[in-house]
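Novice: One structure, pasted below without further comment.
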Amino acid sequence: MTTPVRPLVQFVSKPIAAPFRDGTKCLVRDLVTHFENVDAAVMGTAAGAPELLGKARVQPIYGDAGKFAPGLRQNLQAATWLLLKSRADIWHFVFAPNLRSSQVGRTLRAVRGTKVVQTIASPPRSFAEPHKLLFGDVVVAQSEWTRAEFVAAWDPKRPMPEIVVVPPPVPDVPAPSAEAVASVRARLGVAENTPLFLYPGDLEVSQGASRVGSLIEPIRARLPKAEFVFAYRDKSAHADGHADALRKTLPTAGVHFEKNVPDIHALVAASTAILFPVDDLYGKVDLPIVLLEAMALGTPVLALDEGPLQSLEGAWRAPFEPAAWVEQAVRLVENERENALRTAEGQRAAREHYAPAGVAAAYERLYQRLLGRP
């Protein structure tokens, strides 16, 4: 009996190369390393990607790993490859929809006639004229909020593509050693049993950082020794300026700013809880990877119950009412049962809802259906 040929899926994304701290790159990596029934090719650099060895073909399409957002040159390199060299059965685009890239994708699909899965890596600034942003045979949103926003904005006179929700996978995160966790606290000057709250997010777009800042004094009124960390990445030249401006509004004691943290998993594991009252995730994935990793590592997550975060299974979610957030933060410290419950809920969600093997299998079913295979 002849062995069936496995379909080849070509991922179209920013360069898949280390470091893997970007939600889009993590998604591609975690899918291809957990596929069971398809072969995968990814767009990378000449340096390759040892993490994908034996799991995917890494094509040296890009000259370098690039910045947070791909430039025109990288887009042209990817488009040229698809037009002239790709022999894949399916193209899987993973990017934040924008007019230029979506138009290129739509044109390439029409010219080559290849089936397309399009994952919305992060929501657009505006959902106006969604037909110009979505071009896949099947479109995948990573939260119900994003799917609903596109559906609501769609002109009923136009045929709408199938839009489904598949959550992102939580990366396989080895638990940091006790020594690594202790080292983080020692570097910050925070004692082992001192409550430590972490905000691992944007300082420039949302109100998340300022909202956490507003919680510091009321939390410390209940937990005088509590300390707080704002961990951010310098995605733009303005990041440090925003950090300095925020720092001036906060108490001088018990507040730390950490930029481009090299041991983010150890910092997460060292934290009592993640505070994430973020109201605007523009430029970010729907469900930030660090939140999924935190739950997998056993650190409770407190998240805003609005927008894409409404789909964050395993977290304590609520509107931003400061008194309620303060109360929940304090309960995690003072009530062992509450802490254990929140920890267990997060780990269950990471294990069941965001398991990489399960998410990869959901995508494989989409590919097989598009190709008309059982």
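Simple scheme: letters A, B, ... for chains in structure tokens order, numbers from 1 for residues in each chain, numbers from 1 for ligands in the order shown.
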Given only C-alpha atoms, how would the per-residue table for stretch 140-204 of chain A near stretch 346-359 of chain A read, listing every residue at most 10 Å away with its closest atom pair and distance in Å to one decimal, sorted by chain and number, as a Markdown table?
Specialist:
```
| residue | atom | partner | partner_atom | distance |
| --- | --- | --- | --- | --- |
| A:Val166 | CA | A:Val359 | CA | 7.0 |
| A:Pro167 | CA | A:Tyr354 | CA | 6.6 |
| A:Pro168 | CA | A:Tyr354 | CA | 6.4 |
| A:Pro169 | CA | A:Tyr354 | CA | 4.6 |
| A:Val170 | CA | A:Tyr354 | CA | 5.4 |
| A:Pro171 | CA | A:Pro356 | CA | 7.0 |
| A:Asp172 | CA | A:Pro356 | CA | 7.9 |
```
Novice: Put those residues in a file: C-alpha atoms, as a short mmCIF file (atom, residue, chain, number, x, y, z; two decimals), in the first residue's frame.
Specialist:
```cif
data_model
loop_
_atom_site.label_atom_id
_atom_site.label_comp_id
_atom_site.auth_asym_id
_atom_site.auth_seq_id
_atom_site.Cartn_x
_atom_site.Cartn_y
_atom_site.Cartn_z
CA VAL A 166 -8.60 28.96 17.49
CA PRO A 167 -6.76 30.07 20.63
CA PRO A 168 -3.00 30.49 20.64
CA PRO A 169 -0.88 27.73 22.17
CA VAL A 170 1.04 28.24 25.37
CA PRO A 171 4.73 27.60 24.68
CA ASP A 172 6.39 24.66 26.37
#
```
Novice: Give me the residues near A:Glu162 as a count of residues only, where near means some atom within 9 Å (using only C-alpha atoms) and where sequence neighbours in that chain fewer than 6 positions away do not count.
Specialist: 5
Novice: Measure the distance from atom CA of A:Gln103 to atom CA of A:Glu149 in Å and round it to one decimal.
Specialist: 20.3 Å
Novice: Near stretch 209-214 of chain A, within 7 Å and counting only C-alpha atoms, which residues show up once chain neighbours fewer than 6 positions away are dropped, as a ChimeraX atom specification?
Specialist: /A:203,250,275,277
Novice: Which one of A:Phe95, A:Tyr282, A:Phe20, A:Phe35 sits closest to A:Arg365 if you count only C-alpha atoms?
Specialist: A:Phe35
Novice: DSSP on the backbone, then: every residue of stretch 185-286 of chain A marked helix (DSSP H, G or I), written as a PyMOL selection string.
Specialist: chain A and resi 185-188+208-222+239-247+264-270
Novice: Restricted to C-alpha atoms, what would the selected residues look like written as a compact mmCIF listing (two decimals), in the first residue's frame?
Specialist:
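Ended up saving to part.txt:
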```
# COMPACT_ATOMS: atom_id res chain seq x y z
CA ARG A 185 14.31 38.42 43.81
CA ALA A 186 17.87 39.03 45.03
CA ARG A 187 18.58 41.29 42.07
CA LEU A 188 15.46 43.31 42.84
CA GLY A 208 -2.55 49.17 31.57
CA ALA A 209 0.62 50.55 33.17
CA SER A 210 -1.03 53.65 34.61
CA ARG A 211 -3.88 51.56 35.99
CA VAL A 212 -1.44 49.25 37.75
CA GLY A 213 0.28 52.38 39.06
CA SER A 214 -2.99 53.52 40.57
CA LEU A 215 -3.26 50.22 42.49
CA ILE A 216 0.11 50.46 44.20
CA GLU A 217 -0.76 52.70 47.15
CA PRO A 218 -4.11 51.02 47.98
CA ILE A 219 -2.52 47.58 47.80
CA ARG A 220 0.37 48.70 50.00
CA ALA A 221 -2.11 50.15 52.47
CA ARG A 222 -3.22 46.52 53.00
CA ALA A 239 9.64 53.34 25.43
CA ASP A 240 12.24 54.65 27.89
CA GLY A 241 10.63 58.08 27.87
CA HIS A 242 7.28 56.57 28.79
CA ALA A 243 8.96 54.57 31.55
CA ASP A 244 10.57 57.71 32.96
CA ALA A 245 7.28 59.63 32.83
CA LEU A 246 5.41 56.81 34.58
CA ARG A 247 8.13 56.41 37.21
CA ILE A 264 11.30 36.71 32.06
CA HIS A 265 10.16 33.21 33.04
CA ALA A 266 12.10 33.39 36.30
CA LEU A 267 10.59 36.83 36.98
CA VAL A 268 7.10 35.49 36.27
CA ALA A 269 7.68 32.50 38.54
CA ALA A 270 9.02 34.79 41.27
```
Novice: Given the choices A:Pro224, A:Gly307, A:Gly63, A:Gly23, which gets closest to A:Ser143 if the distance is worked out from only C-alpha atoms?
Specialist: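 The answer is A:Gly307, which sits nearest to A:Ser143.
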Novice: Could you give me, as a list of chain:residue names, each residue of stretch 235-279 of chain A that DSSP assigns to strand (DSSP E) when run on this structure's backbone?
Specialist: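 So the strand (DSSP E) residues in stretch 235-279 of chain A would be A:Val255, A:His256, A:Phe257, A:Glu258, A:Lys259, A:Ala273, A:Ile274, A:Leu275, A:Phe276.
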Novice: Write out the residues from the selection above, keeping C-alpha atoms, as a compact mmCIF listing (two decimals), in the first residue's frame.
Specialist:
```txt
# COMPACT_ATOMS: atom_id res chain seq x y z
CA VAL A 255 8.62 49.95 42.48
CA HIS A 256 10.98 48.50 39.86
CA PHE A 257 11.30 48.98 36.10
CA GLU A 258 12.88 46.15 34.10
CA LYS A 259 13.61 46.53 30.38
CA ALA A 273 0.51 37.50 40.53
CA ILE A 274 0.36 39.21 37.16
CA LEU A 275 -1.68 42.46 37.04
CA PHE A 276 -2.92 43.08 33.50
```
Novice: With distances taken over only C-alpha atoms, which of A:Ala253, A:Ala344, A:Val205, A:Leu297 is nearest to A:Trp316?
Specialist: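 Of all the options, A:Ala344 lies closest to A:Trp316.
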Novice: Just give me the gap between atom CA of A:Gln207 and atom CA of A:Phe230 in Å, one decimal is fine.
Specialist: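 Interatomic distance, atom CA of A:Gln207 to atom CA of A:Phe230: 13.2 Å.
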Novice: How far is it from atom CA of A:Glu129 to atom CA of A:Phe11, in Å with one decimal?
Specialist: 25.3 Å
Novice: Please provide as a PyMOL selection string all residues within 9 Å of stretch 73-85 of chain A, with the sequence filter that same-chain residues fewer than 4 positions apart are discarded (counting only C-alpha atoms).
Specialist: chain A and resi 10+12-15+43+61-64+66+91+101+104-105+108+111-112
Novice: Fewer than 6 positions away in the same chain doesn't count, so skip those; otherwise give me all residues within 10 Å of A:Pro130, counting only C-alpha atoms, as a PyMOL selection string.
Specialist: chain A and resi 97-99+124+149-155+160
Novice: Deliver the residues from the most recent selection as a file, using N, CA and C atoms, as a compact mmCIF listing (two decimals), in the first residue's frame.
Specialist:
```txt
# COMPACT_ATOMS: atom_id res chain seq x y z
N PRO A 97 -3.26 42.11 10.12
CA PRO A 97 -3.78 42.57 8.83
C PRO A 97 -3.56 44.06 8.61
N ASN A 98 -3.04 44.38 7.44
CA ASN A 98 -2.91 45.77 7.02
C ASN A 98 -3.16 45.82 5.53
N LEU A 99 -3.52 46.99 5.03
CA LEU A 99 -3.97 47.10 3.64
C LEU A 99 -2.92 46.61 2.65
N PRO A 124 -6.47 44.76 13.99
CA PRO A 124 -6.09 46.02 13.37
C PRO A 124 -6.53 47.22 14.20
N GLU A 149 -15.82 41.40 16.01
CA GLU A 149 -15.60 42.73 15.45
C GLU A 149 -15.55 42.69 13.93
N PHE A 150 -14.89 41.70 13.37
CA PHE A 150 -14.84 41.58 11.91
C PHE A 150 -16.21 41.27 11.33
N VAL A 151 -16.93 40.37 11.99
CA VAL A 151 -18.27 40.00 11.50
C VAL A 151 -19.20 41.21 11.55
N ALA A 152 -19.15 41.98 12.63
CA ALA A 152 -20.04 43.14 12.77
C ALA A 152 -19.72 44.21 11.74
N ALA A 153 -18.45 44.33 11.35
CA ALA A 153 -18.05 45.37 10.41
C ALA A 153 -18.26 44.97 8.96
N TRP A 154 -18.57 43.71 8.70
CA TRP A 154 -18.63 43.21 7.33
C TRP A 154 -19.87 43.72 6.60
N ASP A 155 -19.69 44.15 5.37
CA ASP A 155 -20.79 44.59 4.52
C ASP A 155 -21.58 43.36 4.08
N MET A 160 -18.65 36.85 2.78
CA MET A 160 -17.73 36.88 3.91
C MET A 160 -17.02 35.54 4.03
```
Novice: Go through A:Leu281, A:Ser86, A:Arg158, A:Leu332 one by one, measure the shortest atom-to-atom distance of each to A:Trp145 using only C-alpha atoms, and give the residue with the smallest value.
Specialist: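 The shortest atom-to-atom distance to A:Trp145 comes from A:Leu281.
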Novice: With only C-alpha atoms as the atoms that count, which of A:Leu8, A:Ala340, A:Val330, A:Ala141 lies nearest to A:Val38?
Specialist: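 Distance minimum relative to A:Val38 lands on A:Leu8.
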Novice: Counting only C-alpha atoms, which of A:Val173, A:Leu52, A:Ala110, A:Val164 gets nearest to A:Ala148?
Specialist: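 The closest residue to A:Ala148 is A:Val164.
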